[in-house]
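Data from entry_35.txt: compact mmCIF, C-alpha atoms
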# COMPACT_ATOMS: atom_id res chain seq x y z
CA MET A 1 170.82 37.31 17.25
CA ILE A 2 168.14 39.02 19.32
CA ARG A 3 164.44 39.82 18.95
CA VAL A 4 164.06 43.60 19.02
CA PRO A 5 160.71 45.37 19.47
CA LEU A 6 160.14 47.67 16.51
CA ASP A 7 159.93 50.71 18.78
CA LYS A 8 163.56 49.93 19.76
CA ALA A 9 164.75 49.23 16.21
CA VAL A 10 167.32 51.61 14.70
CA SER A 11 169.00 52.11 11.35
CA GLY A 12 171.90 49.77 10.67
CA MET A 13 170.35 46.70 12.31
CA VAL A 14 170.73 43.65 10.06
CA LEU A 15 167.97 41.07 9.89
CA ALA A 16 168.97 37.62 11.14
CA VAL A 17 165.87 35.88 9.77
CA PRO A 18 163.32 36.81 7.09
CA VAL A 19 160.33 39.02 7.85
CA TYR A 20 157.04 37.61 6.57
CA ARG A 21 154.16 39.70 5.25
CA PRO A 22 151.29 39.53 7.77
CA ASP A 23 148.74 40.17 5.01
CA GLN A 24 150.06 37.44 2.67
CA ARG A 25 150.72 34.29 4.66
CA GLY A 26 154.01 32.61 3.82
CA SER A 27 155.18 35.48 1.62
CA ILE A 28 158.56 36.94 2.58
CA LEU A 29 158.66 40.73 2.85
CA LEU A 30 162.34 41.15 3.78
CA ARG A 31 165.06 38.55 3.54
CA SER A 32 167.77 37.90 6.11
CA GLU A 33 170.84 40.15 5.92
CA PHE A 34 168.68 43.13 4.94
CA GLU A 35 169.82 46.31 6.70
CA LEU A 36 167.05 48.34 8.31
CA ASN A 37 166.54 52.04 7.68
CA PRO A 38 163.98 54.55 9.01
CA LYS A 39 161.64 54.13 6.03
CA ILE A 40 161.56 50.34 6.34
CA ILE A 41 161.09 50.48 10.12
CA ALA A 42 158.12 52.81 9.64
CA ARG A 43 156.70 50.43 7.02
CA LEU A 44 157.00 47.43 9.35
CA LYS A 45 155.22 49.36 12.10
CA SER A 46 152.41 50.27 9.68
CA LEU A 47 151.92 46.55 9.03
CA LYS A 48 151.44 46.12 12.81
CA LEU A 49 154.46 43.86 13.17
CA GLN A 50 155.76 43.78 16.72
CA ASP A 51 159.45 42.90 16.45
CA VAL A 52 162.28 41.64 14.25
CA TRP A 53 165.20 39.25 14.69
CA VAL A 54 168.49 41.07 14.16
CA ARG A 55 172.16 40.19 14.44
CA TYR A 56 174.07 41.12 17.59
CA PRO A 57 177.77 40.48 18.23
CA GLY A 58 178.42 37.52 20.52
CA LEU A 59 174.83 36.28 20.73
CA ASP A 60 174.78 33.84 17.81
CA SER A 61 173.98 31.01 20.25
CA ILE A 62 170.39 32.25 20.49
CA ALA A 63 169.94 31.18 16.86
CA GLN A 64 169.55 27.56 17.98
CA TYR A 65 166.16 28.48 19.48
CA GLN A 66 164.82 30.08 16.31
CA ASN A 67 163.79 28.41 13.08
CA SER A 68 162.57 30.36 10.06
CA ALA A 69 161.11 27.19 8.52
CA ILE A 70 158.82 26.78 11.54
CA THR A 71 157.83 30.43 11.26
CA GLY A 72 156.85 29.74 7.66
CA ILE A 73 154.83 26.70 8.76
CA ARG A 74 152.92 28.83 11.24
CA HIS A 75 152.01 31.34 8.53
CA ARG A 76 150.78 28.49 6.34
CA LEU A 77 148.67 27.17 9.20
CA ILE A 78 146.93 30.54 9.51
CA SER A 79 146.04 30.44 5.80
CA LEU A 80 144.89 26.85 6.11
CA ALA A 81 142.79 27.62 9.21
CA GLU A 82 141.11 30.46 7.33
CA SER A 83 140.15 28.29 4.36
CA THR A 84 139.22 25.29 6.53
CA LEU A 85 136.87 27.19 8.84
CA ASP A 86 135.30 28.89 5.83
CA ALA A 87 134.68 25.54 4.14
CA PHE A 88 133.05 24.04 7.24
CA CYS A 89 130.92 27.14 7.84
CA ARG A 90 129.64 26.80 4.26
CA ASP A 91 128.96 23.07 4.83
CA ARG A 92 131.60 22.19 2.26
CA PRO A 93 134.11 20.10 4.25
CA SER A 94 135.08 18.20 1.13
CA HIS A 95 136.70 21.40 -0.15
CA VAL A 96 139.40 21.21 2.54
CA ASP A 97 142.75 20.05 1.20
CA TRP A 98 144.06 18.15 4.24
CA SER A 99 147.24 17.28 2.38
CA LEU A 100 148.43 20.84 3.13
CA LEU A 101 148.09 20.20 6.87
CA GLU A 102 149.74 16.80 6.54
CA ALA A 103 152.72 18.35 4.76
CA ALA A 104 153.02 21.11 7.40
CA VAL A 105 152.94 18.63 10.29
CA GLU A 106 155.46 16.32 8.63
CA GLU A 107 157.81 19.26 8.00
CA LEU A 108 157.36 20.48 11.59
CA ARG A 109 158.21 17.04 12.99
CA SER A 110 161.29 16.79 10.77
CA GLU A 111 162.58 20.24 11.77
CA ILE A 112 162.21 19.50 15.48
CA LEU A 113 163.78 16.05 15.32
CA ASN A 114 166.76 17.59 13.52
CA ASN A 115 167.09 20.34 16.13
CA PRO A 116 164.93 19.83 19.25
CA LEU A 117 165.71 23.30 20.62
CA CYS A 118 164.00 24.97 17.66
CA ALA A 119 160.74 23.71 19.18
CA LEU A 120 160.99 26.94 21.19
CA SER A 121 160.09 29.05 18.11
CA PHE A 122 157.02 30.50 19.82
CA GLU A 123 157.36 34.19 18.94
CA GLN A 124 154.31 35.98 17.56
CA VAL A 125 153.84 35.64 13.80
CA GLY A 126 151.03 38.20 13.52
CA HIS A 127 147.29 37.92 13.83
CA ALA A 128 144.67 36.78 11.37
CA GLU A 129 141.72 39.10 10.75
CA SER A 130 139.49 36.74 12.74
CA TYR A 131 140.14 35.71 16.34
CA HIS A 132 138.70 32.27 15.53
CA VAL A 133 141.17 31.79 12.68
CA HIS A 134 144.13 32.84 14.81
CA HIS A 135 143.00 30.62 17.69
CA ALA A 136 142.53 27.62 15.38
CA ALA A 137 145.95 28.03 13.79
CA GLU A 138 147.74 28.61 17.09
CA CYS A 139 146.09 25.57 18.68
CA SER A 140 146.89 23.42 15.66
CA PHE A 141 150.57 24.36 15.86
CA LEU A 142 150.97 24.03 19.63
CA THR A 143 148.96 20.80 19.80
CA ALA A 144 151.28 19.21 17.23
CA LEU A 145 154.29 20.35 19.26
CA LEU A 146 152.91 18.99 22.52
CA GLY A 147 151.81 15.78 20.81
CA LEU A 148 155.36 15.33 19.55
CA ARG A 149 156.70 16.03 23.03
CA VAL A 150 154.53 13.29 24.60
CA GLN A 151 154.30 10.96 21.63
CA GLY A 152 155.53 7.94 23.58
CA TYR A 153 152.80 8.51 26.17
CA LEU A 154 150.30 9.11 23.36
CA VAL A 155 151.16 5.82 21.68
CA ARG A 156 150.89 3.91 24.96
CA GLN A 157 147.51 5.48 25.66
CA ARG A 158 146.30 4.21 22.27
CA LYS A 159 147.79 0.74 22.60
CA ARG A 160 144.88 -0.91 20.77
CA ILE A 161 145.52 1.37 17.79
CA CYS A 162 148.82 1.47 15.90
CA PRO A 163 148.95 4.72 13.88
CA SER A 164 152.34 6.13 13.00
CA PRO A 165 153.64 9.00 15.16
CA THR A 166 153.05 11.40 12.27
CA ALA A 167 149.47 10.15 11.79
CA ASN A 168 148.77 10.87 15.46
CA LEU A 169 150.11 14.42 15.09
CA ILE A 170 148.06 15.04 11.94
CA SER A 171 144.83 13.85 13.59
CA LEU A 172 145.60 16.00 16.63
CA SER A 173 146.19 19.05 14.44
CA LYS A 174 142.91 18.50 12.59
CA ALA A 175 141.04 18.31 15.90
CA ALA A 176 142.78 21.47 17.12
CA MET A 177 141.97 23.39 13.97
CA LEU A 178 138.28 22.45 14.17
CA HIS A 179 137.72 22.23 17.93
CA ASP A 180 135.74 25.48 18.13
CA ILE A 181 133.88 25.16 14.82
CA GLY A 182 130.67 24.81 16.83
CA LEU A 183 131.03 28.43 17.97
CA MET A 184 130.19 29.49 14.42
CA THR A 185 126.65 28.17 14.93
CA LEU A 186 125.94 30.16 18.10
CA PRO A 187 124.01 33.46 18.21
CA ASP A 188 126.06 36.66 18.27
CA GLU A 189 124.77 37.54 21.73
CA THR A 190 126.04 34.25 23.14
CA LEU A 191 129.48 34.84 21.65
CA ALA A 192 129.50 38.45 22.90
CA ALA A 193 128.65 37.30 26.43
CA TRP A 194 131.46 34.74 26.32
CA SER A 195 133.98 37.30 25.08
CA GLU A 196 133.02 39.65 27.88
CA ARG A 197 132.76 37.26 30.83
CA ARG A 198 134.43 33.97 29.75
CA ASN A 199 131.73 32.10 31.71
CA GLU A 200 132.18 28.38 31.00
CA THR A 201 128.97 27.52 32.87
CA ASP A 202 126.77 29.29 30.28
CA PRO A 203 124.64 26.43 28.84
CA GLN A 204 124.16 28.28 25.55
CA TRP A 205 127.90 28.61 25.06
CA GLN A 206 128.50 24.99 26.14
CA ARG A 207 126.43 23.88 23.14
CA HIS A 208 129.39 24.56 20.86
CA VAL A 209 131.12 21.26 21.65
CA ARG A 210 128.15 19.13 20.55
CA GLU A 211 127.45 21.39 17.58
CA GLY A 212 131.09 21.10 16.55
CA PHE A 213 131.11 17.33 16.99
CA GLN A 214 128.09 17.00 14.70
CA ARG A 215 129.75 19.13 12.04
CA VAL A 216 133.05 17.24 11.96
CA THR A 217 131.77 13.66 12.41
CA GLY A 218 132.43 11.74 9.23
CA THR A 219 134.80 14.36 7.85
CA ILE A 220 137.86 13.64 10.04
CA GLU A 221 139.10 10.62 11.96
CA SER A 222 136.78 9.46 14.76
CA ALA A 223 139.48 10.04 17.38
CA ALA A 224 139.89 13.63 16.20
CA ALA A 225 136.11 14.13 16.28
CA ALA A 226 136.08 12.79 19.86
CA ALA A 227 138.64 15.45 20.80
CA VAL A 228 136.36 18.15 19.38
CA LEU A 229 133.53 16.84 21.58
CA GLN A 230 135.69 16.45 24.71
CA HIS A 231 138.03 19.44 24.61
CA HIS A 232 136.27 20.95 27.64
CA GLU A 233 136.30 17.73 29.65
CA TYR A 234 138.71 18.15 32.55
CA PHE A 235 140.85 15.55 34.25
CA ASP A 236 139.17 16.20 37.63
CA GLY A 237 135.67 15.65 36.18
CA SER A 238 134.64 19.31 36.35
CA GLY A 239 134.20 19.81 32.60
CA PHE A 240 131.44 19.31 30.03
CA PRO A 241 129.48 18.02 28.10
CA GLY A 242 129.94 14.83 30.16
CA ARG A 243 127.54 11.93 30.21
CA ALA A 244 124.31 11.08 31.97
CA ASP A 245 124.54 9.13 35.25
CA TRP A 246 122.01 6.54 36.41
CA GLU A 247 119.68 9.33 37.61
CA GLY A 248 119.93 11.17 34.30
CA ARG A 249 122.20 13.92 35.63
CA SER A 250 125.06 15.16 33.47
CA ILE A 251 128.49 14.49 34.97
CA GLY A 252 131.84 15.31 33.43
CA LEU A 253 134.19 12.67 32.16
CA SER A 254 137.39 12.36 34.15
CA MET A 255 140.94 11.06 34.01
CA HIS A 256 141.60 8.41 31.37
CA ASN A 257 137.94 8.24 30.35
CA ILE A 258 138.78 11.34 28.34
CA HIS A 259 140.44 10.62 24.98
CA ILE A 260 144.18 11.29 24.97
CA TYR A 261 143.76 13.66 22.00
CA ALA A 262 141.27 15.70 24.02
CA ARG A 263 143.58 15.82 27.05
CA ILE A 264 146.36 17.26 24.89
CA LEU A 265 144.01 19.69 23.13
CA THR A 266 142.53 20.88 26.43
CA MET A 267 145.98 21.87 27.66
CA ILE A 268 146.65 23.98 24.58
CA ASP A 269 143.14 25.46 24.42
CA GLN A 270 143.33 26.65 28.01
CA PHE A 271 146.80 28.14 27.47
CA THR A 272 145.76 30.11 24.40
CA GLU A 273 142.48 31.27 25.98
CA LEU A 274 144.45 32.75 28.88
CA LYS A 275 147.23 34.20 26.76
CA TYR A 276 144.98 36.02 24.28
CA GLN A 277 142.69 38.08 26.48
CA PRO A 278 139.21 39.27 25.34
CA THR A 279 140.46 42.87 25.67
CA GLY A 280 142.94 42.20 22.87
CA SER A 281 145.95 42.22 25.18
CA ILE A 282 148.44 39.34 25.10
CA TRP A 283 149.63 38.03 28.44
CA PRO A 284 153.28 37.03 28.88
CA ASN A 285 153.96 33.31 29.01
CA VAL A 286 155.21 33.53 32.61
CA ARG A 287 151.82 34.81 33.81
CA VAL A 288 149.85 32.15 31.97
CA LEU A 289 152.10 29.31 33.08
CA ARG A 290 151.88 30.42 36.70
CA LEU A 291 148.07 30.34 36.49
CA LEU A 292 148.00 26.93 34.81
CA MET A 293 150.02 25.43 37.68
CA SER A 294 148.02 27.10 40.43
CA GLY A 295 145.06 26.18 42.64
CA THR A 296 142.20 24.29 41.06
CA MET A 297 143.32 25.14 37.54
CA CYS A 298 146.07 22.50 37.46
CA ARG A 299 143.54 19.80 38.36
CA ARG A 300 141.94 20.21 34.96
CA PHE A 301 144.89 18.60 33.21
CA ASP A 302 146.41 15.18 32.83
CA PRO A 303 149.50 15.48 35.11
CA THR A 304 151.81 13.93 32.51
CA ILE A 305 150.63 16.35 29.83
CA LEU A 306 150.73 19.37 32.15
CA SER A 307 154.28 18.57 33.23
CA ALA A 308 155.41 18.09 29.63
CA PHE A 309 153.81 21.37 28.61
CA ILE A 310 155.31 23.33 31.50
CA ARG A 311 158.76 22.01 30.54
CA MET A 312 158.12 22.71 26.84
CA MET A 313 156.88 26.31 27.01
CA PRO A 314 159.47 28.90 28.11
CA ALA A 315 158.40 31.43 30.71
CA TYR A 316 160.59 33.88 28.78
CA LEU A 317 161.37 33.24 25.13
CA PRO A 318 165.07 33.11 24.19
CA GLY A 319 166.00 36.26 22.31
CA ALA A 320 163.24 38.36 23.86
CA MET A 321 163.92 41.76 25.41
CA VAL A 322 163.28 42.09 29.16
CA ASP A 323 163.74 44.71 31.87
CA LEU A 324 165.37 43.74 35.16
CA THR A 325 164.52 44.89 38.68
CA ASP A 326 167.80 46.84 38.86
CA GLY A 327 166.67 49.08 35.98
CA ARG A 328 168.80 47.51 33.26
CA SER A 329 167.53 45.91 30.05
CA GLY A 330 168.75 42.92 28.12
CA PHE A 331 167.88 39.85 26.08
CA VAL A 332 167.04 36.33 27.25
CA MET A 333 169.88 34.01 26.28
CA ASN A 334 168.45 30.56 27.01
CA PHE A 335 165.69 28.47 28.54
CA LYS A 336 166.26 26.37 31.67
CA PRO A 337 163.35 23.91 32.08
CA ASP A 338 164.15 23.33 35.77
CA ASP A 339 164.51 27.05 36.52
CA PRO A 340 162.33 28.76 33.88
CA CYS A 341 162.15 32.23 35.46
CA CYS A 342 165.92 32.51 35.86
CA PRO A 343 167.48 32.45 32.39
CA ASP A 344 170.78 34.04 31.60
CA VAL A 345 170.27 37.59 30.34
CA ALA A 346 172.60 39.57 28.06
CA VAL A 347 172.41 43.05 29.58
CA VAL A 348 172.93 45.73 26.94
CA ASP A 349 173.66 49.31 27.97
CA ASP A 350 173.47 50.89 24.51
CA LEU A 351 171.61 48.82 21.92
CA ALA A 352 172.37 51.09 18.94
CA ALA A 353 176.09 51.14 19.75
CA GLY A 354 176.20 47.42 20.54
CA ILE A 355 174.78 46.51 17.14
CA LYS A 356 177.69 48.26 15.43
CA SER A 357 180.37 46.89 17.76
CA THR A 358 182.93 44.46 16.38
CA THR A 359 183.20 42.72 19.77
CA PRO A 360 180.49 41.42 22.14
CA ALA A 361 178.92 44.44 23.86
CA TYR A 362 176.91 42.95 26.69
CA GLU A 363 177.20 41.61 30.22
CA GLN A 364 175.93 38.11 30.88
CA VAL A 365 173.84 38.03 34.06
CA SER A 366 172.70 34.71 35.54
CA LEU A 367 169.46 35.34 37.37
CA HIS A 368 168.37 33.76 40.63
CA LEU A 369 165.07 34.36 42.38
CA THR A 370 166.60 34.57 45.87
CA LYS A 371 169.34 37.11 45.20
CA GLY A 372 170.32 39.76 42.71
CA PRO A 373 168.13 41.15 39.93
CA ARG A 374 165.21 39.33 38.39
CA ILE A 375 162.94 40.01 35.43
CA ALA A 376 160.53 42.88 36.08
CA ARG A 377 158.97 43.50 32.65
CA ALA A 378 158.44 41.36 29.57
CA ASP A 379 156.39 42.00 26.45
CA GLY A 380 155.82 45.51 27.76
CA LEU A 381 154.03 44.32 30.90
CA ASP A 382 154.95 44.19 34.59
CA VAL A 383 155.73 40.55 35.45
CA SER A 384 157.43 41.10 38.80
CA ALA A 385 154.60 39.26 40.58
CA ASP A 386 154.46 36.46 38.00
CA ASN A 387 157.89 34.88 38.47
CA TYR A 388 157.73 31.48 40.12
CA ARG A 389 159.94 28.73 41.39
CA LEU A 390 159.10 25.54 39.55
CA PRO A 391 157.21 23.13 41.85
CA GLU A 392 159.15 19.98 42.65
CA ARG A 393 156.72 17.75 40.73
CA PHE A 394 157.71 19.53 37.50
CA ARG A 395 161.46 19.55 38.09
CA HIS A 396 162.05 16.29 36.29
CA LYS A 397 160.37 15.27 33.08
CA PRO A 398 157.60 12.67 33.54
CA ALA A 399 158.77 9.11 33.02
CA GLU A 400 155.99 8.65 30.45
CA SER A 401 156.91 11.78 28.53
CA ASP A 402 159.53 12.32 25.83
CA ASP A 403 162.61 14.50 25.51
CA VAL A 404 161.83 16.32 22.25
CA GLY A 405 162.59 20.00 22.84
CA GLU A 406 165.04 19.44 25.69
CA GLY A 407 168.03 18.84 23.48
CA THR A 408 167.91 15.12 22.76
CA HIS A 409 166.46 12.95 20.02
CA SER A 410 166.49 9.63 21.83
CA SER A 411 162.91 9.23 23.06
CA ALA A 412 161.34 10.65 19.93
CA ASP A 413 163.36 8.44 17.66
CA SER A 414 162.56 5.31 19.61
CA ALA A 415 158.82 6.09 19.51
CA ALA A 416 159.00 6.65 15.78
Write-out of the structure in structure tokens:
Amino acid sequence: MIRVPLDKAVSGMVLAVPVYRPDQRGSILLRSEFELNPKIIARLKSLKLQDVWVRYPGLDSIAQYQNSAITGIRHRLISLAESTLDAFCRDRPSHVDWSLLEAAVEELRSEILNNPLCALSFEQVGHAESYHVHHAAECSFLTALLGLRVQGYLVRQRKRICPSPTANLISLSKAAMLHDIGLMTLPDETLAAWSERRNETDPQWQRHVREGFQRVTGTIESAAAAAVLQHHEYFDGSGFPGRADWEGRSIGLSMHNIHIYARILTMIDQFTELKYQPTGSIWPNVRVLRLLMSGTMCRRFDPTILSAFIRMMPAYLPGAMVDLTDGRSGFVMNFKPDDPCCPDVAVVDDLAAGIKSTTPAYEQVSLHLTKGPRIARADGLDVSADNYRLPERFRHKPAESDDVGEGTHSSADSAA
């Protein structure tokens, strides 16, 4: 199976996974095994869907990286984020049915423990009408994934508390869903200035963390509320809102003085802020990951959490279509955590003919950054300058991290 952009879709392609309605979260529009035709392709484009998963001879192995149940969970999280933010904006937090989030997180954990590789189900599931809703849902999903990935480290960081692994993930997801609720209290001009310049030093914009903390205190667990307050505190002490020193000056919290929930949430918040640009464009993962590991940016993050995230998030998603530097196109076949920019690619000369072939119609090309072709375009953008060789410090998973998502259940099960 491969993920085909709708502008490359042709009649006769057979869906490998269901297509969900973007306007009715969790509602299936087309079921798997449906055969596409010109009318349906035009309809999907009108709904602003970007791509579809279709069957392709010889590439069934990519299916291990995709999980339709997780896609359904993500749609449910968008609906839940919409209703949750609305309830808090109306000062009616008691109207939020947190059992829906708890069920989603428990199902997500179960799916990933049963098949760790399906934790790579990161493809776009469509946008909510509101940027804030989409951001809240995306952060809630990714924070739960990262929390599961580092749950042993998380438990050790909270050694005086003994919540279950699932309880930790649920609290994390609540914090992620509400972390920017304080933005709803800011004037439109402050939000417009942030969208245009992304200036984190703007004192008016910085108010949103305290405003958010005040709104959520008493409505969610205290640890989750602390994450809302601290999600812009950086590991190197350069964040805010900080605390007052002995001379009354505000200084940022640093290192392990920042709550572990906040350190996880900060990683995801920064990733999503970079990926979803204020212009409306969506940056490829490879570009965002390169920036997160570079210069002063990497100092913002707990090294254990940064390393786990870098090894969790593929530079190129399995199944995605890419263009190579030699002019050929193909589909990413796998994810190699130690060599993320050099996956195997199934090069396809004629996509329409290959779909109808009864035998595998592709050439497997193993990429290497020092010789031969490499990936030049992904998600419709030039990424030739974004490919990177993984720094040595990320080449082996942190000793304090877990293995969930790298093909083993052992660490996750022991922490459970």
> Which neighbours of range 77-93 of chain A fall inside 8 Å, counting only C-alpha atoms, when residues of the same chain fewer than 2 positions from it are skipped, and could you give them as a count of residues only?
Replying inline: 23
Using all atoms listed in the file, tabulate the residues of range 257-334 of chain A lying at most 7 Å from any atom of range 223-233 of chain A, each with its closest atom pair and that distance in Å to one decimal, by chain and increasing residue number, as a tab-separated table.
residue	atom	partner	partner_atom	distance
A:Ile258	CA	A:Glu233	CA	7.0
A:His259	CA	A:Ala227	CA	6.6
A:Tyr261	CA	A:Ala227	CA	5.6
A:Ala262	CA	A:Ala227	CA	4.2
A:Leu265	CA	A:His231	CA	6.2
A:Thr266	CA	A:His231	CA	5.1
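The closest residue to Ser294 in chain A, picked from A:Val54, A:Leu390, A:Ile260, A:Leu49 and counting all atoms listed in the file, is A:Leu390.
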Restricting to all atoms listed in the file, whichever of A:Tyr362, A:Leu146, A:Asp236, A:Leu253 is closest to Ser307 in chain A is A:Leu146
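Separating CA of Pro187 in chain A from CA of Leu142 in chain A is a distance of 28.6 Å.
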Using only C-alpha atoms, the residue out of A:Leu59, A:Cys341, A:Met267, A:Leu183 with shortest distance to Gln204 in chain A is A:Leu183
Need to verify the contact set: Asp386 in chain A, 12 Å, only C-alpha atoms, exclusion of same-chain residues closer than 5 positions in sequence. Can you return it as a PDB file with C-alpha atoms, in the frame of the given file?
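What landed in out_32.pdb:
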ATOM      1  CA  TRP A 283     149.630  38.030  28.440  1.00  0.00           C
ATOM      2  CA  PRO A 284     153.280  37.030  28.880  1.00  0.00           C
ATOM      3  CA  ASN A 285     153.960  33.310  29.010  1.00  0.00           C
ATOM      4  CA  VAL A 286     155.210  33.530  32.610  1.00  0.00           C
ATOM      5  CA  ARG A 287     151.820  34.810  33.810  1.00  0.00           C
ATOM      6  CA  VAL A 288     149.850  32.150  31.970  1.00  0.00           C
ATOM      7  CA  LEU A 289     152.100  29.310  33.080  1.00  0.00           C
ATOM      8  CA  ARG A 290     151.880  30.420  36.700  1.00  0.00           C
ATOM      9  CA  LEU A 291     148.070  30.340  36.490  1.00  0.00           C
ATOM     10  CA  LEU A 292     148.000  26.930  34.810  1.00  0.00           C
ATOM     11  CA  MET A 293     150.020  25.430  37.680  1.00  0.00           C
ATOM     12  CA  SER A 294     148.020  27.100  40.430  1.00  0.00           C
ATOM     13  CA  ALA A 315     158.400  31.430  30.710  1.00  0.00           C
ATOM     14  CA  TYR A 316     160.590  33.880  28.780  1.00  0.00           C
ATOM     15  CA  PRO A 340     162.330  28.760  33.880  1.00  0.00           C
ATOM     16  CA  CYS A 341     162.150  32.230  35.460  1.00  0.00           C
ATOM     17  CA  LEU A 369     165.070  34.360  42.380  1.00  0.00           C
ATOM     18  CA  ARG A 374     165.210  39.330  38.390  1.00  0.00           C
ATOM     19  CA  ILE A 375     162.940  40.010  35.430  1.00  0.00           C
ATOM     20  CA  ALA A 376     160.530  42.880  36.080  1.00  0.00           C
ATOM     21  CA  ARG A 377     158.970  43.500  32.650  1.00  0.00           C
ATOM     22  CA  ALA A 378     158.440  41.360  29.570  1.00  0.00           C
ATOM     23  CA  LEU A 381     154.030  44.320  30.900  1.00  0.00           C
TER      24      LEU A 381
END
Residue neighbourhood Val332 in chain A, 12 Å, all atoms listed in the file, exclusion window fewer than 2 positions, as a PyMOL selection string: chain A and resi 1-4+59+61-63+65+314-324+329-330+334-336+340-348+362-367+374-375+378
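Between CA of Thr143 in chain A and CA of Leu29 in chain A lies a distance of 27.9 Å.
Take CA of Ile264 in chain A and CA of Ala176 in chain A: the distance between them is 9.5 Å.
Of the listed residues A:Gly72, A:Pro116, A:Pro5, A:Gly12, the one whose atoms come nearest to Ile28 in chain A is A:Gly72, with distances taken using only C-alpha atoms.
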